[in-house]
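A quick write-up on the structure given underneath.
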Amino acid sequence: MAYQLVIGNKNYSSWSMRPWVLMTHFGIPFEEVRIPLYTPAWQAQIRKVSPTGKVPCLICDATTVWDSLAIAETLHERHPALGLYPADPAARALARSVSAEMHSGFSTIRAQMSMNIRLAVVHSMASEVLRSEVDRVKEIFATCLARSGGPYLFGQFSIADAMYAPVIMRFRSYGVSLDALCEAYRDTIVRNPAVSRWISDALEETETIPDYETVSRMYL
């Protein structure tokens with residue numbers, strides 16, 4: 001199978017990060033097609049590969065899969081021996097549930113803590129809704145880690161960890177306070193070789209998206 005993975009800027013594109021980290025961690029070969037967001041090249045190229053005009057998008061032969069979770073599920077089906085989800089049915093059901101919860105929820109975290117890996121500030125956390133969503137993420141981490149024993153959410157790295165990696169980037173950028181268990185998990189994710197490569201690449205990018213930078217500082 002020859003995969004192409006179309007992504008946006010590594011500094012900003014949280015949805016792109018998820019399948020890239022997943023495929024890199026599990027050694028699934030792919031060609032990276034990076035199109036900087038909201039540039040003339042973006043407008044000219046993205047609709048040629050993605051029916052939604054968004055990233056990420058996975059292309060394999062005549063098949064195109066868009067949406068991070070759909071890509072992850074497709075890779076799980078195509079590479080069953082790699083263990084992208086836990087083998088235990090109960091753990092797998094929980095991993096799917098928390099992955100879907102991340103996919104469909106946490107809109108205030110997305111709005112008020114846009115991913116910006118180059119950023120290092122302390123967020124005001126003034127919004128009660130934001131605090132509630134952050135607490136829910138911490139609860140997910142604590143529940144999964146207590147059940148599995150760590151170091152990843154389900155013991156070994158899985159789709160769930162890839163889905164939550166961008167939230168870890170947000171917590172790191174905005175100085176979110178964590179207890180010892182969640183802090184250890186954050187550090188495990190940051191040290192993961194695939195995540196570390198993504199961070200390094202993000203820090204080397206030169207593009208800046210002013211709207212994203214403004215949102216990043218709006219709630220400080």
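Just so we're on the same page: first chain in the structure tokens is A, next is B, and so on; residues restart at 1 for each chain, and ligands are numbered from 1 in the order they show up.
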- Near-stretch 160-173 of chain A list (6 Å; only C-alpha atoms; drop same-chain fewer than 4 positions) as a list of chain:residue names: A:Ser14, A:Arg18, A:Leu22, A:Ala95, A:Ser99, A:Met115, A:Leu119, A:Ala120
- Message: With only C-alpha atoms as the counted atoms, please give the residues lying no more than 8 Å from A:Phe154, apart from itself and same-chain residues fewer than 3 positions off, as a PyMOL selection string.
- Response: chain A and resi 86+91+95+144-145+147-151+157-158
- Just the residues within 12 Å of stretch 37-43 of chain A, please, counting only C-alpha atoms, with nothing from its chain fewer than 2 positions along; format it as a list of chain:residue names.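 What passes the distance filter is A:Val6, A:Ile7, A:Gly8, A:Asn9, A:Lys10, A:Asn11, A:Tyr12, A:Ser13, A:Ser16, A:Val33, A:Arg34, A:Ile35, A:Gln45, A:Ile46, A:Arg47, A:Lys48, A:Val49, A:Ser50, A:Gly53, A:Lys54, A:Val55, A:Pro56, A:Glu207, A:Thr208, A:Ile209, A:Pro210, A:Asp211, A:Tyr212.
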Go ahead and save the picked residues with N, CA and C atoms, as a PDB file, in the first residue's frame.
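Just written: selection00.pdb:
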```
ATOM      1  N   VAL A   6      -1.997  14.102   3.418  1.00  0.00           N
ATOM      2  CA  VAL A   6      -2.023  15.542   3.180  1.00  0.00           C
ATOM      3  C   VAL A   6      -2.295  16.237   4.506  1.00  0.00           C
ATOM      4  N   ILE A   7      -1.405  17.142   4.878  1.00  0.00           N
ATOM      5  CA  ILE A   7      -1.512  17.835   6.168  1.00  0.00           C
ATOM      6  C   ILE A   7      -1.324  19.336   5.974  1.00  0.00           C
ATOM      7  N   GLY A   8      -1.615  20.098   7.030  1.00  0.00           N
ATOM      8  CA  GLY A   8      -1.353  21.530   7.058  1.00  0.00           C
ATOM      9  C   GLY A   8      -0.112  21.829   7.870  1.00  0.00           C
ATOM     10  N   ASN A   9      -0.013  23.067   8.353  1.00  0.00           N
ATOM     11  CA  ASN A   9       1.134  23.476   9.159  1.00  0.00           C
ATOM     12  C   ASN A   9       1.229  22.636  10.432  1.00  0.00           C
ATOM     13  N   LYS A  10       2.410  22.185  10.757  1.00  0.00           N
ATOM     14  CA  LYS A  10       2.571  21.367  11.954  1.00  0.00           C
ATOM     15  C   LYS A  10       2.434  22.194  13.234  1.00  0.00           C
ATOM     16  N   ASN A  11       2.698  23.478  13.158  1.00  0.00           N
ATOM     17  CA  ASN A  11       2.538  24.307  14.348  1.00  0.00           C
ATOM     18  C   ASN A  11       1.081  24.478  14.745  1.00  0.00           C
ATOM     19  N   TYR A  12       0.185  24.505  13.771  1.00  0.00           N
ATOM     20  CA  TYR A  12      -1.208  24.856  14.048  1.00  0.00           C
ATOM     21  C   TYR A  12      -2.218  23.718  13.839  1.00  0.00           C
ATOM     22  N   SER A  13      -1.931  22.789  12.954  1.00  0.00           N
ATOM     23  CA  SER A  13      -2.961  21.853  12.505  1.00  0.00           C
ATOM     24  C   SER A  13      -3.062  20.635  13.426  1.00  0.00           C
ATOM     25  N   SER A  16      -4.263  17.435  11.667  1.00  0.00           N
ATOM     26  CA  SER A  16      -3.203  16.795  10.883  1.00  0.00           C
ATOM     27  C   SER A  16      -2.257  15.997  11.763  1.00  0.00           C
ATOM     28  N   VAL A  33       2.462  15.148   2.342  1.00  0.00           N
ATOM     29  CA  VAL A  33       2.157  16.262   1.448  1.00  0.00           C
ATOM     30  C   VAL A  33       1.698  17.413   2.336  1.00  0.00           C
ATOM     31  N   ARG A  34       2.565  18.358   2.540  1.00  0.00           N
ATOM     32  CA  ARG A  34       2.270  19.473   3.447  1.00  0.00           C
ATOM     33  C   ARG A  34       1.876  20.702   2.640  1.00  0.00           C
ATOM     34  N   ILE A  35       0.674  21.207   2.912  1.00  0.00           N
ATOM     35  CA  ILE A  35       0.182  22.402   2.237  1.00  0.00           C
ATOM     36  C   ILE A  35      -0.067  23.459   3.315  1.00  0.00           C
ATOM     37  N   GLN A  45      -4.557  23.950  -4.181  1.00  0.00           N
ATOM     38  CA  GLN A  45      -4.273  22.517  -4.111  1.00  0.00           C
ATOM     39  C   GLN A  45      -5.259  21.689  -3.292  1.00  0.00           C
ATOM     40  N   ILE A  46      -5.823  22.269  -2.217  1.00  0.00           N
ATOM     41  CA  ILE A  46      -6.523  21.422  -1.262  1.00  0.00           C
ATOM     42  C   ILE A  46      -7.760  20.770  -1.858  1.00  0.00           C
ATOM     43  N   ARG A  47      -8.500  21.474  -2.673  1.00  0.00           N
ATOM     44  CA  ARG A  47      -9.716  20.893  -3.249  1.00  0.00           C
ATOM     45  C   ARG A  47      -9.415  19.789  -4.256  1.00  0.00           C
ATOM     46  N   LYS A  48      -8.197  19.747  -4.727  1.00  0.00           N
ATOM     47  CA  LYS A  48      -7.820  18.684  -5.660  1.00  0.00           C
ATOM     48  C   LYS A  48      -7.685  17.332  -4.956  1.00  0.00           C
ATOM     49  N   VAL A  49      -7.435  17.382  -3.652  1.00  0.00           N
ATOM     50  CA  VAL A  49      -7.186  16.136  -2.926  1.00  0.00           C
ATOM     51  C   VAL A  49      -8.206  15.847  -1.831  1.00  0.00           C
ATOM     52  N   SER A  50      -8.829  16.896  -1.289  1.00  0.00           N
ATOM     53  CA  SER A  50      -9.747  16.708  -0.161  1.00  0.00           C
ATOM     54  C   SER A  50     -11.139  17.210  -0.530  1.00  0.00           C
ATOM     55  N   GLY A  53     -12.176  20.198   1.480  1.00  0.00           N
ATOM     56  CA  GLY A  53     -11.315  21.372   1.486  1.00  0.00           C
ATOM     57  C   GLY A  53     -10.580  21.549   2.801  1.00  0.00           C
ATOM     58  N   LYS A  54     -10.436  20.438   3.555  1.00  0.00           N
ATOM     59  CA  LYS A  54      -9.770  20.489   4.852  1.00  0.00           C
ATOM     60  C   LYS A  54      -8.722  19.386   4.939  1.00  0.00           C
ATOM     61  N   VAL A  55      -7.843  19.524   5.927  1.00  0.00           N
ATOM     62  CA  VAL A  55      -6.854  18.488   6.218  1.00  0.00           C
ATOM     63  C   VAL A  55      -7.201  17.878   7.573  1.00  0.00           C
ATOM     64  N   PRO A  56      -6.728  16.641   7.795  1.00  0.00           N
ATOM     65  CA  PRO A  56      -5.887  15.804   6.944  1.00  0.00           C
ATOM     66  C   PRO A  56      -6.709  15.031   5.932  1.00  0.00           C
ATOM     67  N   GLU A 207       6.047  29.888   8.614  1.00  0.00           N
ATOM     68  CA  GLU A 207       4.770  30.539   8.354  1.00  0.00           C
ATOM     69  C   GLU A 207       4.101  30.964   9.663  1.00  0.00           C
ATOM     70  N   THR A 208       3.390  32.071   9.577  1.00  0.00           N
ATOM     71  CA  THR A 208       2.592  32.552  10.700  1.00  0.00           C
ATOM     72  C   THR A 208       1.190  32.849  10.191  1.00  0.00           C
ATOM     73  N   ILE A 209       0.196  32.384  10.936  1.00  0.00           N
ATOM     74  CA  ILE A 209      -1.195  32.675  10.595  1.00  0.00           C
ATOM     75  C   ILE A 209      -1.712  33.677  11.621  1.00  0.00           C
ATOM     76  N   PRO A 210      -1.845  34.952  11.246  1.00  0.00           N
ATOM     77  CA  PRO A 210      -2.191  35.991  12.218  1.00  0.00           C
ATOM     78  C   PRO A 210      -3.452  35.700  13.012  1.00  0.00           C
ATOM     79  N   ASP A 211      -4.495  35.177  12.364  1.00  0.00           N
ATOM     80  CA  ASP A 211      -5.733  34.893  13.093  1.00  0.00           C
ATOM     81  C   ASP A 211      -5.504  33.875  14.202  1.00  0.00           C
ATOM     82  N   TYR A 212      -4.685  32.874  13.929  1.00  0.00           N
ATOM     83  CA  TYR A 212      -4.397  31.860  14.942  1.00  0.00           C
ATOM     84  C   TYR A 212      -3.583  32.443  16.095  1.00  0.00           C
TER      85      TYR A 212
END
```
- Would you kindly return, as a ChimeraX atom specification, each protein, DNA or RNA residue with an atom no farther than 10 Å from any atom of A:Thr108, considering only C-alpha atoms and excluding same-chain residues fewer than 2 positions away? /A:105-106,110-114,127,129-134
- Please provide as an MDAnalysis selection string all residues within 12 Å of stretch 24-27 of chain A, with the sequence filter that same-chain residues fewer than 6 positions apart are discarded (counting only C-alpha atoms). chainID A and resid 5 17:18 72 75:76 79:85 156:159 161:162 189 191:198
Suppose we keep N, CA, C and O atoms; can you now write the selection as a compact mmCIF listing (two decimals), in the first residue's frame?
```
# COMPACT_ATOMS: atom_id res chain seq x y z
N LEU A 5 -0.28 11.30 2.84
CA LEU A 5 -1.00 11.97 3.91
C LEU A 5 -0.87 13.47 3.70
O LEU A 5 0.23 14.03 3.78
N MET A 17 -2.02 16.51 12.97
CA MET A 17 -1.07 15.86 13.87
C MET A 17 -1.47 14.44 14.19
O MET A 17 -0.62 13.54 14.30
N ARG A 18 -2.76 14.20 14.35
CA ARG A 18 -3.23 12.91 14.84
C ARG A 18 -2.82 11.75 13.93
O ARG A 18 -2.17 10.81 14.38
N ALA A 72 -7.82 7.08 11.12
CA ALA A 72 -7.32 6.16 12.14
C ALA A 72 -8.05 4.82 12.09
O ALA A 72 -7.43 3.75 12.17
N LEU A 75 -6.90 2.84 9.06
CA LEU A 75 -5.58 2.24 9.27
C LEU A 75 -5.67 1.04 10.21
O LEU A 75 -4.96 0.05 10.03
N HIS A 76 -6.54 1.13 11.21
CA HIS A 76 -6.76 -0.01 12.12
C HIS A 76 -7.27 -1.22 11.34
O HIS A 76 -6.81 -2.36 11.58
N HIS A 79 -4.33 -2.55 8.93
CA HIS A 79 -3.12 -3.05 9.59
C HIS A 79 -3.47 -3.66 10.94
O HIS A 79 -3.00 -3.20 11.99
N PRO A 80 -4.28 -4.71 10.95
CA PRO A 80 -4.77 -5.27 12.22
C PRO A 80 -3.66 -5.81 13.12
O PRO A 80 -3.80 -5.83 14.34
N ALA A 81 -2.55 -6.24 12.53
CA ALA A 81 -1.48 -6.82 13.33
C ALA A 81 -0.71 -5.78 14.14
O ALA A 81 0.01 -6.14 15.08
N LEU A 82 -0.86 -4.51 13.82
CA LEU A 82 -0.09 -3.48 14.50
C LEU A 82 -0.67 -3.10 15.86
O LEU A 82 0.03 -2.50 16.68
N GLY A 83 -1.93 -3.40 16.10
CA GLY A 83 -2.52 -3.07 17.39
C GLY A 83 -2.75 -1.59 17.59
O GLY A 83 -2.41 -1.04 18.65
N LEU A 84 -3.35 -0.94 16.61
CA LEU A 84 -3.62 0.49 16.75
C LEU A 84 -4.65 0.77 17.82
O LEU A 84 -4.67 1.85 18.42
N TYR A 85 -5.53 -0.19 18.07
CA TYR A 85 -6.43 -0.16 19.21
C TYR A 85 -6.05 -1.32 20.14
O TYR A 85 -5.43 -2.30 19.70
N GLN A 156 0.03 0.48 25.95
CA GLN A 156 0.83 0.76 24.76
C GLN A 156 0.19 1.90 23.97
O GLN A 156 -1.01 2.14 24.06
N PHE A 157 1.00 2.58 23.18
CA PHE A 157 0.51 3.69 22.36
C PHE A 157 -0.60 3.20 21.43
O PHE A 157 -0.50 2.13 20.83
N SER A 158 -1.67 3.99 21.32
CA SER A 158 -2.81 3.60 20.50
C SER A 158 -3.42 4.82 19.83
O SER A 158 -2.95 5.95 20.00
N ILE A 159 -4.48 4.58 19.08
CA ILE A 159 -5.21 5.67 18.44
C ILE A 159 -5.64 6.71 19.47
O ILE A 159 -5.60 7.92 19.19
N ASP A 161 -4.14 7.77 22.13
CA ASP A 161 -3.03 8.68 22.43
C ASP A 161 -2.81 9.66 21.28
O ASP A 161 -2.54 10.84 21.52
N ALA A 162 -2.93 9.17 20.06
CA ALA A 162 -2.79 10.07 18.91
C ALA A 162 -3.89 11.12 18.90
O ALA A 162 -3.65 12.29 18.56
N ILE A 189 4.03 11.54 26.39
CA ILE A 189 3.62 11.90 25.03
C ILE A 189 4.66 12.79 24.37
O ILE A 189 5.05 12.57 23.21
N ARG A 191 7.80 12.99 24.93
CA ARG A 191 9.04 12.24 24.65
C ARG A 191 8.86 11.18 23.57
O ARG A 191 9.86 10.64 23.07
N ASN A 192 7.63 10.85 23.24
CA ASN A 192 7.40 9.86 22.18
C ASN A 192 8.13 10.30 20.92
O ASN A 192 8.01 11.46 20.50
N PRO A 193 8.91 9.43 20.28
CA PRO A 193 9.71 9.85 19.11
C PRO A 193 8.89 10.48 17.99
O PRO A 193 9.34 11.46 17.37
N ALA A 194 7.70 9.96 17.72
CA ALA A 194 6.88 10.53 16.65
C ALA A 194 6.41 11.93 17.03
O ALA A 194 6.45 12.86 16.20
N VAL A 195 5.96 12.09 18.26
CA VAL A 195 5.52 13.41 18.72
C VAL A 195 6.69 14.39 18.76
O VAL A 195 6.57 15.55 18.35
N SER A 196 7.83 13.91 19.23
CA SER A 196 9.02 14.75 19.28
C SER A 196 9.41 15.25 17.89
O SER A 196 9.79 16.42 17.72
N ARG A 197 9.30 14.38 16.90
CA ARG A 197 9.60 14.80 15.52
C ARG A 197 8.62 15.85 15.04
O ARG A 197 9.01 16.82 14.38
N TRP A 198 7.34 15.66 15.36
CA TRP A 198 6.32 16.65 14.96
C TRP A 198 6.63 18.01 15.59
O TRP A 198 6.58 19.05 14.92
```
- Return the single residue from A:Met218, A:Met23, A:Met102, A:Ala90 that is closest to A:His123, with distances computed using only C-alpha atoms.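 The shortest atom-to-atom distance to A:His123 comes from A:Met218.
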